[in-house]
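What follows is start_19.csv (CSV, C-alpha atoms).
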chain,number,residue,atom,x,y,z
A,1,MET,CA,0.0,0.0,0.0
A,2,SER,CA,1.3,3.5,-0.9
A,3,ASP,CA,1.9,6.1,1.8
A,4,ALA,CA,-1.1,7.7,3.4
A,5,VAL,CA,0.4,11.1,2.8
A,6,LEU,CA,2.8,11.9,-0.1
A,7,TYR,CA,5.4,14.6,-0.2
A,8,GLU,CA,7.3,15.8,-3.2
A,9,ALA,CA,9.0,18.9,-4.5
A,10,HIS,CA,8.7,20.3,-8.0
A,11,GLY,CA,11.6,22.7,-8.0
A,12,PRO,CA,10.7,25.5,-5.6
A,13,VAL,CA,7.1,24.2,-5.1
A,14,GLY,CA,6.4,21.5,-2.5
A,15,LEU,CA,3.3,19.3,-2.7
A,16,ILE,CA,1.6,17.4,0.2
A,17,THR,CA,-1.1,15.0,-0.9
A,18,LEU,CA,-3.5,13.2,1.4
A,19,ASN,CA,-3.6,9.8,-0.2
A,20,ARG,CA,-6.4,7.7,1.3
A,21,PRO,CA,-9.3,8.3,-1.2
A,22,ASP,CA,-11.0,5.1,-0.2
A,23,ASN,CA,-11.6,6.5,3.3
A,24,ARG,CA,-12.2,10.1,2.1
A,25,ASN,CA,-8.8,11.2,3.4
A,26,SER,CA,-10.3,11.0,6.9
A,27,MET,CA,-8.2,11.8,10.0
A,28,THR,CA,-6.9,8.3,10.7
A,29,PRO,CA,-3.7,7.9,12.7
A,30,GLU,CA,-1.7,7.1,9.5
A,31,ILE,CA,-3.0,10.3,7.8
A,32,LEU,CA,-2.3,12.4,10.9
A,33,ASP,CA,1.2,11.0,11.4
A,34,GLY,CA,2.1,11.2,7.8
A,35,PHE,CA,0.9,14.8,7.5
A,36,ALA,CA,3.0,15.9,10.5
A,37,ILE,CA,6.1,14.4,8.9
A,38,ALA,CA,5.3,15.9,5.5
A,39,ALA,CA,4.6,19.4,6.9
A,40,THR,CA,7.9,19.2,8.9
A,41,ARG,CA,9.8,18.3,5.8
A,42,ALA,CA,8.3,21.3,4.0
A,43,ALA,CA,8.9,23.7,6.9
A,44,THR,CA,12.6,22.7,7.0
A,45,ASP,CA,13.2,22.7,3.2
A,46,GLU,CA,15.0,26.0,2.5
A,47,THR,CA,14.7,25.5,-1.3
A,48,LEU,CA,10.9,25.8,-1.3
A,49,ARG,CA,9.2,29.1,-2.1
A,50,ALA,CA,5.6,27.8,-2.0
A,51,LEU,CA,3.7,24.8,-0.7
A,52,ILE,CA,0.5,23.1,-2.0
A,53,VAL,CA,-1.7,20.8,0.1
A,54,THR,CA,-4.2,18.7,-1.8
A,55,GLY,CA,-5.9,15.3,-1.7
A,56,THR,CA,-6.7,12.4,-4.0
A,57,GLY,CA,-10.2,11.3,-4.9
A,58,LYS,CA,-13.4,13.2,-4.4
A,59,CYS,CA,-12.5,14.5,-0.9
A,60,PHE,CA,-9.9,16.9,0.2
A,61,SER,CA,-10.6,15.5,3.7
A,62,ALA,CA,-13.8,14.4,5.3
A,63,GLY,CA,-12.5,15.1,8.8
A,64,ALA,CA,-12.8,12.6,11.6
A,65,ASP,CA,-13.3,8.9,10.8
A,66,PHE,CA,-16.4,8.3,13.0
A,67,LYS,CA,-16.1,4.6,12.5
A,68,SER,CA,-12.8,4.6,14.4
A,69,GLN,CA,-12.0,7.7,16.5
A,70,ILE,CA,-12.9,11.3,17.2
A,71,GLN,CA,-10.3,11.8,19.9
A,72,ARG,CA,-6.7,10.7,19.8
A,73,GLU,CA,-5.1,8.4,22.4
A,74,ASP,CA,-1.4,8.5,23.3
A,75,ALA,CA,0.0,5.1,24.0
A,76,GLY,CA,2.8,6.6,26.0
A,77,SER,CA,0.9,8.6,28.5
A,78,LYS,CA,-2.6,9.2,29.9
A,79,LEU,CA,-4.2,12.2,28.3
A,80,ALA,CA,-7.0,14.3,29.7
A,81,PRO,CA,-10.2,14.4,27.6
A,82,HIS,CA,-9.4,17.9,26.3
A,83,GLU,CA,-5.8,16.8,25.5
A,84,LYS,CA,-7.2,13.9,23.4
A,85,SER,CA,-9.3,16.4,21.4
A,86,TYR,CA,-6.4,18.7,20.8
A,87,ALA,CA,-4.1,15.8,19.9
A,88,MET,CA,-6.5,15.0,17.1
A,89,TYR,CA,-5.9,18.3,15.4
A,90,GLU,CA,-2.3,19.0,16.3
A,91,PRO,CA,-0.8,17.2,13.3
A,92,PHE,CA,-2.8,19.4,10.9
A,93,LEU,CA,-1.9,22.5,12.9
A,94,THR,CA,1.8,21.8,12.1
A,95,LEU,CA,1.1,23.6,8.8
A,96,LEU,CA,1.2,26.8,10.8
A,97,ASP,CA,5.0,26.3,11.2
A,98,VAL,CA,5.5,26.6,7.4
A,99,LYS,CA,7.0,30.1,6.7
A,100,ILE,CA,6.4,30.1,3.0
A,101,PRO,CA,2.9,30.6,1.4
A,102,VAL,CA,0.6,27.6,1.6
A,103,ILE,CA,-2.0,27.0,-1.0
A,104,GLY,CA,-4.9,24.7,-0.3
A,105,ALA,CA,-5.8,22.9,-3.6
A,106,LEU,CA,-9.2,21.7,-2.4
A,107,ASN,CA,-9.9,19.0,-4.9
A,108,GLY,CA,-13.1,17.9,-3.3
A,109,HIS,CA,-15.2,18.0,-0.1
A,110,ALA,CA,-13.6,19.5,3.0
A,111,VAL,CA,-15.7,18.9,6.1
A,112,GLY,CA,-15.1,19.2,9.9
A,113,GLY,CA,-11.4,18.7,10.6
A,114,GLY,CA,-10.7,18.7,6.9
A,115,PHE,CA,-12.4,22.1,6.6
A,116,GLY,CA,-10.1,23.2,9.5
A,117,LEU,CA,-7.1,22.0,7.5
A,118,SER,CA,-8.2,24.2,4.6
A,119,LEU,CA,-8.5,27.2,6.9
A,120,VAL,CA,-4.9,27.0,8.1
A,121,CYS,CA,-3.7,27.4,4.5
A,122,ASP,CA,-2.9,30.9,3.4
A,123,ILE,CA,-4.8,30.7,0.1
A,124,ARG,CA,-7.7,28.3,-0.9
A,125,ILE,CA,-8.7,27.2,-4.4
A,126,ALA,CA,-12.1,25.5,-4.2
A,127,ALA,CA,-13.8,22.9,-6.4
A,128,THR,CA,-17.0,24.3,-7.7
A,129,GLU,CA,-18.9,21.1,-7.3
A,130,ALA,CA,-17.6,20.2,-3.8
A,131,LYS,CA,-19.1,21.0,-0.4
A,132,TYR,CA,-17.3,22.7,2.5
A,133,GLY,CA,-18.0,23.5,6.1
A,134,ALA,CA,-18.0,22.6,9.8
A,135,ASN,CA,-20.9,20.2,10.6
A,136,PHE,CA,-20.0,19.7,14.3
A,137,THR,CA,-23.3,21.0,15.8
A,138,LYS,CA,-25.2,18.5,13.6
A,139,LEU,CA,-23.2,15.8,15.3
A,140,GLY,CA,-23.7,17.1,18.8
A,141,LEU,CA,-20.1,18.4,19.0
A,142,ALA,CA,-18.5,21.8,19.6
A,143,PRO,CA,-16.0,22.7,16.8
A,144,GLY,CA,-12.2,22.1,17.1
A,145,MET,CA,-9.0,23.0,15.2
A,146,ALA,CA,-9.4,26.7,15.8
A,147,ILE,CA,-12.3,26.8,13.3
A,148,THR,CA,-14.2,29.3,15.5
A,149,TYR,CA,-11.1,31.5,15.4
A,150,LEU,CA,-10.2,31.3,11.7
A,151,LEU,CA,-13.6,31.2,9.9
A,152,PRO,CA,-15.0,34.6,11.1
A,153,ARG,CA,-11.7,36.2,10.0
A,154,LEU,CA,-12.4,35.0,6.5
A,155,VAL,CA,-16.1,35.3,6.0
A,156,GLY,CA,-17.2,37.7,8.8
A,157,VAL,CA,-18.8,37.1,12.2
A,158,SER,CA,-22.4,36.9,11.0
A,159,ARG,CA,-21.8,34.4,8.2
A,160,ALA,CA,-19.4,32.3,10.4
A,161,ALA,CA,-22.0,32.2,13.2
A,162,GLU,CA,-24.7,31.0,10.8
A,163,MET,CA,-22.4,28.3,9.3
A,164,LEU,CA,-21.2,27.1,12.7
A,165,PHE,CA,-24.6,27.2,14.6
A,166,THR,CA,-26.4,25.4,11.8
A,167,GLY,CA,-23.6,23.0,10.8
A,168,GLU,CA,-24.7,23.4,7.2
A,169,LEU,CA,-22.3,23.0,4.3
A,170,PHE,CA,-21.9,25.4,1.4
A,171,GLU,CA,-21.0,24.7,-2.2
A,172,GLY,CA,-17.7,25.5,-3.8
A,173,LYS,CA,-19.3,27.7,-6.4
A,174,ASP,CA,-20.2,30.1,-3.6
A,175,ALA,CA,-16.8,29.9,-1.9
A,176,VAL,CA,-15.4,33.1,-3.5
A,177,ALA,CA,-18.4,35.2,-2.8
A,178,LEU,CA,-18.4,34.1,0.9
A,179,GLY,CA,-14.7,35.0,1.2
A,180,TYR,CA,-13.6,31.5,1.9
A,181,ALA,CA,-11.6,30.9,-1.3
A,182,SER,CA,-9.6,33.1,-3.7
A,183,ARG,CA,-11.1,31.3,-6.7
A,184,ALA,CA,-13.2,28.3,-7.6
A,185,VAL,CA,-12.7,26.0,-10.6
A,186,PRO,CA,-13.9,22.5,-11.5
A,187,GLY,CA,-12.4,19.9,-9.3
A,188,ALA,CA,-10.3,18.4,-12.1
A,189,ASP,CA,-8.6,21.8,-12.6
A,190,VAL,CA,-7.9,22.7,-9.0
A,191,LEU,CA,-4.4,21.3,-8.7
A,192,ALA,CA,-3.3,22.8,-12.0
A,193,GLU,CA,-4.6,26.1,-10.9
A,194,ALA,CA,-2.8,25.9,-7.6
A,195,LEU,CA,0.5,25.0,-9.4
A,196,ARG,CA,0.2,28.0,-11.6
A,197,LEU,CA,-0.4,30.2,-8.6
A,198,ALA,CA,2.5,28.6,-6.7
A,199,GLU,CA,4.8,29.3,-9.7
A,200,ARG,CA,3.8,32.9,-9.7
A,201,ILE,CA,4.5,33.2,-6.0
A,202,ALA,CA,7.9,31.4,-6.5
A,203,ALA,CA,8.9,34.0,-9.1
A,204,SER,CA,8.8,36.7,-6.4
A,205,ALA,CA,11.7,37.4,-4.1
A,206,PRO,CA,11.7,34.6,-1.6
A,207,LEU,CA,12.9,36.5,1.4
A,208,ALA,CA,10.5,39.3,0.8
A,209,VAL,CA,7.6,36.8,0.5
A,210,ARG,CA,8.5,35.1,3.8
A,211,TYR,CA,8.7,38.4,5.6
A,212,THR,CA,5.4,39.5,4.0
A,213,LYS,CA,3.7,36.4,5.3
A,214,GLN,CA,5.2,37.0,8.7
A,215,VAL,CA,4.1,40.6,9.1
A,216,LEU,CA,0.7,39.9,7.6
A,217,TYR,CA,-0.2,37.5,10.4
A,218,GLN,CA,1.5,39.6,13.1
A,219,GLY,CA,-0.8,42.4,12.1
A,220,MET,CA,-3.8,40.1,12.8
A,221,GLU,CA,-2.4,39.0,16.2
A,222,TRP,CA,-2.4,35.5,14.9
A,223,ASP,CA,-2.7,32.7,17.5
A,224,PRO,CA,-4.8,29.8,16.2
A,225,ARG,CA,-3.0,27.2,18.4
A,226,SER,CA,-4.0,28.8,21.7
A,227,HIS,CA,-7.6,29.1,20.5
A,228,ALA,CA,-7.6,25.4,19.3
A,229,LYS,CA,-6.6,24.5,22.9
A,230,LYS,CA,-9.6,26.5,24.3
A,231,GLU,CA,-11.9,24.8,21.8
A,232,ALA,CA,-10.6,21.4,22.8
A,233,VAL,CA,-11.9,21.8,26.4
A,234,LEU,CA,-15.4,22.5,25.2
A,235,GLN,CA,-15.3,19.8,22.4
A,236,ALA,CA,-14.2,17.2,25.0
A,237,LYS,CA,-17.3,18.1,27.1
A,238,THR,CA,-19.6,17.5,24.1
A,239,VAL,CA,-17.8,14.3,23.1
A,240,ALA,CA,-19.0,12.9,26.4
A,241,SER,CA,-22.6,14.0,25.9
A,242,ALA,CA,-25.6,11.9,24.9
A,243,ASP,CA,-26.2,14.2,22.0
A,244,ALA,CA,-22.8,13.4,20.5
A,245,LYS,CA,-23.4,9.7,20.8
A,246,GLU,CA,-26.8,10.2,19.1
A,247,GLY,CA,-25.4,12.6,16.4
A,248,ILE,CA,-22.6,10.2,15.4
A,249,GLN,CA,-24.9,7.2,15.4
A,250,ALA,CA,-27.4,9.0,13.3
A,251,LEU,CA,-24.6,9.9,10.8
A,252,LEU,CA,-23.5,6.3,10.5
A,253,GLU,CA,-27.1,5.2,10.1
A,254,LYS,CA,-27.9,8.0,7.6
A,255,ARG,CA,-30.9,9.3,9.6
A,256,VAL,CA,-31.9,12.6,11.2
A,257,PRO,CA,-30.6,12.8,14.8
A,258,ARG,CA,-32.9,13.3,17.8
A,259,PHE,CA,-31.1,15.7,20.2
A,260,THR,CA,-32.2,16.1,23.8
A,261,GLY,CA,-29.7,18.6,25.1
A,262,GLU,CA,-28.0,16.1,27.4
Once you've parsed the file, please lay out its structure as structure tokens.
Amino acid sequence: MSDAVLYEAHGPVGLITLNRPDNRNSMTPEILDGFAIAATRAATDETLRALIVTGTGKCFSAGADFKSQIQREDAGSKLAPHEKSYAMYEPFLTLLDVKIPVIGALNGHAVGGGFGLSLVCDIRIAATEAKYGANFTKLGLAPGMAITYLLPRLVGVSRAAEMLFTGELFEGKDAVALGYASRAVPGADVLAEALRLAERIAASAPLAVRYTKQVLYQGMEWDPRSHAKKEAVLQAKTVASADAKEGIQALLEKRVPRFTGE
């Protein structure tokens, strides 16, 4: 079986590819571990001037694999519930350590934690036919991976509140108007579009681009990791709730959940 996450460099452009299309590139341990390794390689490769993150198949990433785990255990130590929630997202958050521009080539659906991964990219190119969003409340869960921090900074508070409170997804064709993506193209064209943009970025002075990215986020008082840790506390509480058990079971059984507020 090929690696769950692929990493390669095309001259000055790095490419990370989630490579478990049969499981919708869900957040399995092999995907998470592989992504952390690939992101570290990209962060330490001084020859790169831009990085692309994409997936294979019809999904960029469907988020948690609800058939296996929604929190992450650590075999070496006993983690508190909120630490298990944060550990689930920490590998994707390693993308924050990459100092060069990161382009999310969102080849397909990005939901839940997969949507969160798209948000930590600097630039997003959406697939017009795909669906995007954070469906946590539909599953009885509070969001994680700093989504409540990142999303309002992209689409505004009112739109973010509506998306997060309802848990409803939006279509890629609306992604640009919402402020989520820079552009939207058919899924088959997403990676090529991202490569063209990466090459344009790579043609700029690399030191100037790195400093520009640095000061851009400093001006926004950027601190997604701290917020993700705050979210993890509340998400862990909802993981233990009856509503979460009902929401996840309803998802697996493809029926409407019956929430009781417990």
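Distances from A:Ala161, A:Ile52, A:Ala192, A:Ala228 to Gly113 (chain A) were compared using only C-alpha atoms, and the smallest one belongs to A:Ala228.
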Inset, instruction - Considering all atoms listed in the file, state which residue in the set A:Pro101, A:Phe35, A:Glu8, A:Val176 is at the smallest distance from Arg200 (chain A). - result: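 Going through A:Pro101, A:Phe35, A:Glu8, A:Val176 one by one, the smallest distance to Arg200 (chain A) is for A:Pro101.
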If we count all atoms listed in the file and set the cut-off at 7 Å, which residues sit around region 257-262 of chain A, ignoring sequence neighbours fewer than 6 positions away in its own chain? Please answer as a VMD selection string. chain A and resid 241 to 243 246 to 247 250
Exercise for the section: Go through A:Ala142, A:Ile103, A:Leu32, A:Met27 one by one, measure the shortest atom-to-atom distance of each to Ala236 (chain A) using only C-alpha atoms, and give the residue with the smallest value. Expected result: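 Answer, going by the shortest atom-to-atom distance: A:Ala142.
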For Met163 (chain A), the closest of A:Ala127, A:Val111, A:Val233, A:Ser204 counting all atoms listed in the file is A:Val111
(request) Write out as a count of residues only each polymer residue whose atoms come within 7 Å of Pro143 (chain A), counting only C-alpha atoms; drop sequence neighbours fewer than 6 positions from it. (result) 3
Restricting to all atoms listed in the file, whichever of A:Gly108, A:Gly55, A:Gly179, A:Gly116 is closest to Ala146 (chain A) is A:Gly116
Report, in Å to a single decimal, how far apart CA of Lys173 (chain A) and CA of Tyr132 (chain A) are.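 Rounded to one decimal, the two atoms are 10.4 Å apart.
With distances taken over all atoms listed in the file, A:Asp97 is the one residue among A:Asp97, A:Glu253, A:Asp189, A:Glu83 lying closest to Ala39 (chain A).
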Just to confirm, what's the straight-line distance from CA of Ala36 (chain A) to CA of Ser85 (chain A) in Å (one decimal)?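 Here the two named atoms are 16.4 Å from each other.
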Check: Can you list, as a VMD selection string, every protein, DNA or RNA residue that comes within 6 Å of Arg49 (chain A) when you count only C-alpha atoms, leaving out same-chain residues fewer than 3 positions away?
Finding: chain A and resid 12 100 202
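CA of Thr54 (chain A) sits 12.9 Å away from CA of Ala198 (chain A).
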